[in-house]
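Q: Dumping the structure here so I can ask a few things about it.
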Amino acid sequence: MADERTVNDVRVYQDSAGFYREQPVSQGASDAATAMLPSPDFTDAQKAMARLPLPFRNVIRDPFVPAIAATAKTTAYPQAFLDMMAAKGCSSFRIINPNSCAVRFRGATGADDLIKEGEGRLLGPWQTEVFSTQNPTFLSVMPVVRPGLPIPADLAPVELNYGIGG
């Protein structure tokens, strides 16, 4: 049986995978889901889709693609990207690790704020995850050695797609 709760006046349930999802909106329900949309420029069909419990919706067309070095590296978000994140109301991001090694990452407060082992989040090789965002201005990333997963000589950058849902 699913675990049901109310979070910020919205009924949610815990699905079989352990994720909390918004309950489907019934016919006479308020338009609170539409109010959470980041822009008034959506069609009626898109507004109706906003009421559905969708996993992730990308709202910024181009991703943020910070390079990874052999050691920890911190990259600043371009100001135009930060402005777009705020204007579109981004609340989550999807991160893609295209490398054959694990990668550790976290938001940073400045260029000298480097991630260390045991900090942030760990993303396995060739893995994609969706997380909520706190809209950092820097991102610190480092490759991580794990048994059977050494750091390759060439590292591809991670890709972050920003949107809503998740």
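So you can find residues: chains in the structure tokens are A, B, ... in the order shown, residues in each start at 1, and ligands are numbered from 1 in order.
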Excluding range 133-140 of chain A and its own-chain neighbours fewer than 3 positions away, which residues fall within 8 Å of it when counting only C-alpha atoms? Please give them as a ChimeraX atom specification.
A: /A:66,72-77,82,85,90-93,105-111,113-115
Q: Would you pick out the contacts of Phe131 in chain A at 12 Å or less, using only C-alpha atoms, so that residues sharing its chain but fewer than 6 positions from it are not included, and give the list as a PDB file with N, CA and C atoms, in the first residue's frame?
A:
```
ATOM      1  N   PHE A  19       9.882   6.915  -4.229  1.00  0.00           N
ATOM      2  CA  PHE A  19       9.837   8.322  -4.611  1.00  0.00           C
ATOM      3  C   PHE A  19       8.484   8.915  -4.248  1.00  0.00           C
ATOM      4  N   PRO A  55       8.179  12.932 -14.337  1.00  0.00           N
ATOM      5  CA  PRO A  55       9.453  12.801 -13.639  1.00  0.00           C
ATOM      6  C   PRO A  55      10.357  14.039 -13.746  1.00  0.00           C
ATOM      7  N   PHE A  56      10.585  14.546 -14.925  1.00  0.00           N
ATOM      8  CA  PHE A  56      11.476  15.699 -15.098  1.00  0.00           C
ATOM      9  C   PHE A  56      11.137  16.362 -16.416  1.00  0.00           C
ATOM     10  N   CYS A  90      13.617  27.182 -12.443  1.00  0.00           N
ATOM     11  CA  CYS A  90      14.168  25.823 -12.369  1.00  0.00           C
ATOM     12  C   CYS A  90      14.225  25.347 -10.924  1.00  0.00           C
ATOM     13  N   SER A  91      13.707  24.154 -10.695  1.00  0.00           N
ATOM     14  CA  SER A  91      13.700  23.594  -9.347  1.00  0.00           C
ATOM     15  C   SER A  91      14.473  22.281  -9.270  1.00  0.00           C
ATOM     16  N   SER A  92      14.919  21.774 -10.415  1.00  0.00           N
ATOM     17  CA  SER A  92      15.651  20.512 -10.425  1.00  0.00           C
ATOM     18  C   SER A  92      16.592  20.456 -11.623  1.00  0.00           C
ATOM     19  N   PHE A  93      17.496  19.496 -11.572  1.00  0.00           N
ATOM     20  CA  PHE A  93      18.413  19.302 -12.692  1.00  0.00           C
ATOM     21  C   PHE A  93      18.651  17.824 -12.903  1.00  0.00           C
ATOM     22  N   ARG A  94      18.939  17.472 -14.145  1.00  0.00           N
ATOM     23  CA  ARG A  94      19.325  16.110 -14.496  1.00  0.00           C
ATOM     24  C   ARG A  94      20.800  16.157 -14.830  1.00  0.00           C
ATOM     25  N   ILE A  95      21.591  15.310 -14.178  1.00  0.00           N
ATOM     26  CA  ILE A  95      23.030  15.266 -14.429  1.00  0.00           C
ATOM     27  C   ILE A  95      23.357  13.939 -15.100  1.00  0.00           C
ATOM     28  N   ILE A  96      24.216  14.024 -16.099  1.00  0.00           N
ATOM     29  CA  ILE A  96      24.617  12.854 -16.875  1.00  0.00           C
ATOM     30  C   ILE A  96      26.123  12.705 -16.767  1.00  0.00           C
ATOM     31  N   PHE A 105      30.105  15.297  -7.127  1.00  0.00           N
ATOM     32  CA  PHE A 105      29.830  16.703  -7.446  1.00  0.00           C
ATOM     33  C   PHE A 105      29.009  17.349  -6.343  1.00  0.00           C
ATOM     34  N   ARG A 106      29.082  18.695  -6.270  1.00  0.00           N
ATOM     35  CA  ARG A 106      28.241  19.486  -5.363  1.00  0.00           C
ATOM     36  C   ARG A 106      28.328  20.944  -5.757  1.00  0.00           C
ATOM     37  N   GLY A 107      27.333  21.716  -5.356  1.00  0.00           N
ATOM     38  CA  GLY A 107      27.371  23.156  -5.552  1.00  0.00           C
ATOM     39  C   GLY A 107      28.469  23.745  -4.692  1.00  0.00           C
ATOM     40  N   GLY A 120      29.347  15.928  -1.115  1.00  0.00           N
ATOM     41  CA  GLY A 120      28.467  16.032  -2.267  1.00  0.00           C
ATOM     42  C   GLY A 120      27.761  14.736  -2.597  1.00  0.00           C
ATOM     43  N   ARG A 121      27.504  14.559  -3.874  1.00  0.00           N
ATOM     44  CA  ARG A 121      26.779  13.382  -4.357  1.00  0.00           C
ATOM     45  C   ARG A 121      27.677  12.576  -5.278  1.00  0.00           C
ATOM     46  N   LEU A 122      27.494  11.280  -5.262  1.00  0.00           N
ATOM     47  CA  LEU A 122      28.282  10.379  -6.100  1.00  0.00           C
ATOM     48  C   LEU A 122      27.411   9.884  -7.240  1.00  0.00           C
ATOM     49  N   LEU A 123      27.935   9.990  -8.446  1.00  0.00           N
ATOM     50  CA  LEU A 123      27.241   9.541  -9.643  1.00  0.00           C
ATOM     51  C   LEU A 123      28.090   8.473 -10.308  1.00  0.00           C
ATOM     52  N   LEU A 160      24.573  18.983 -17.274  1.00  0.00           N
ATOM     53  CA  LEU A 160      23.472  19.299 -16.377  1.00  0.00           C
ATOM     54  C   LEU A 160      22.371  19.971 -17.175  1.00  0.00           C
ATOM     55  N   ASN A 161      21.182  19.376 -17.159  1.00  0.00           N
ATOM     56  CA  ASN A 161      19.999  19.941 -17.806  1.00  0.00           C
ATOM     57  C   ASN A 161      19.086  20.439 -16.706  1.00  0.00           C
ATOM     58  N   TYR A 162      18.672  21.697 -16.777  1.00  0.00           N
ATOM     59  CA  TYR A 162      17.851  22.293 -15.729  1.00  0.00           C
ATOM     60  C   TYR A 162      16.396  22.367 -16.144  1.00  0.00           C
ATOM     61  N   GLY A 163      15.508  22.108 -15.176  1.00  0.00           N
ATOM     62  CA  GLY A 163      14.083  22.137 -15.445  1.00  0.00           C
ATOM     63  C   GLY A 163      13.272  22.104 -14.179  1.00  0.00           C
ATOM     64  N   ILE A 164      12.092  21.506 -14.264  1.00  0.00           N
ATOM     65  CA  ILE A 164      11.191  21.391 -13.128  1.00  0.00           C
ATOM     66  C   ILE A 164      10.720  19.948 -13.021  1.00  0.00           C
ATOM     67  N   GLY A 165      10.231  19.564 -11.868  1.00  0.00           N
ATOM     68  CA  GLY A 165       9.770  18.209 -11.647  1.00  0.00           C
ATOM     69  C   GLY A 165      10.889  17.342 -11.140  1.00  0.00           C
ATOM     70  N   GLY A 166      10.665  16.060 -11.171  1.00  0.00           N
ATOM     71  CA  GLY A 166      11.732  15.176 -10.800  1.00  0.00           C
ATOM     72  C   GLY A 166      11.412  14.305  -9.650  1.00  0.00           C
TER      73      GLY A 166
END
```
Q: So, counting only C-alpha atoms, which residue among A:Val158, A:Val130, A:Thr71, A:Lys116 is closest to Arg57 in chain A?
A: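 Looking only at the distances to Arg57 in chain A, the closest residue turns out to be A:Val130.
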Q: Write out as a PyMOL selection string each polymer residue whose atoms come within 7 Å of Ala102 in chain A, counting only C-alpha atoms; drop sequence neighbours fewer than 6 positions from it.
A: chain A and resi 122-125+143-145
Q: Which of range 50-127 of chain A end up as alpha helix (DSSP H) when DSSP is run on this backbone - answer as an MDAnalysis selection string?
A: chainID A and resid 50 79:87
Q: Record the distance separating CA of Pro98 in chain A and CA of Trp126 in chain A, expressed in Å with one decimal.
A: 4.8 Å
Q: Compare A:Phe81, A:Glu119, A:Ala70, A:Ala86 by their minimum atom-to-atom distance to Pro150 in chain A, counting only C-alpha atoms, and give me the closest one.
A: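 For Pro150 in chain A, the nearest of the candidates is A:Ala70.
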Q: From the set A:Phe64, A:Pro157, A:Pro152, A:Cys101, which residue has the shortest atom-to-atom contact distance to Gln127 in chain A, counting only C-alpha atoms?
A: A:Cys101
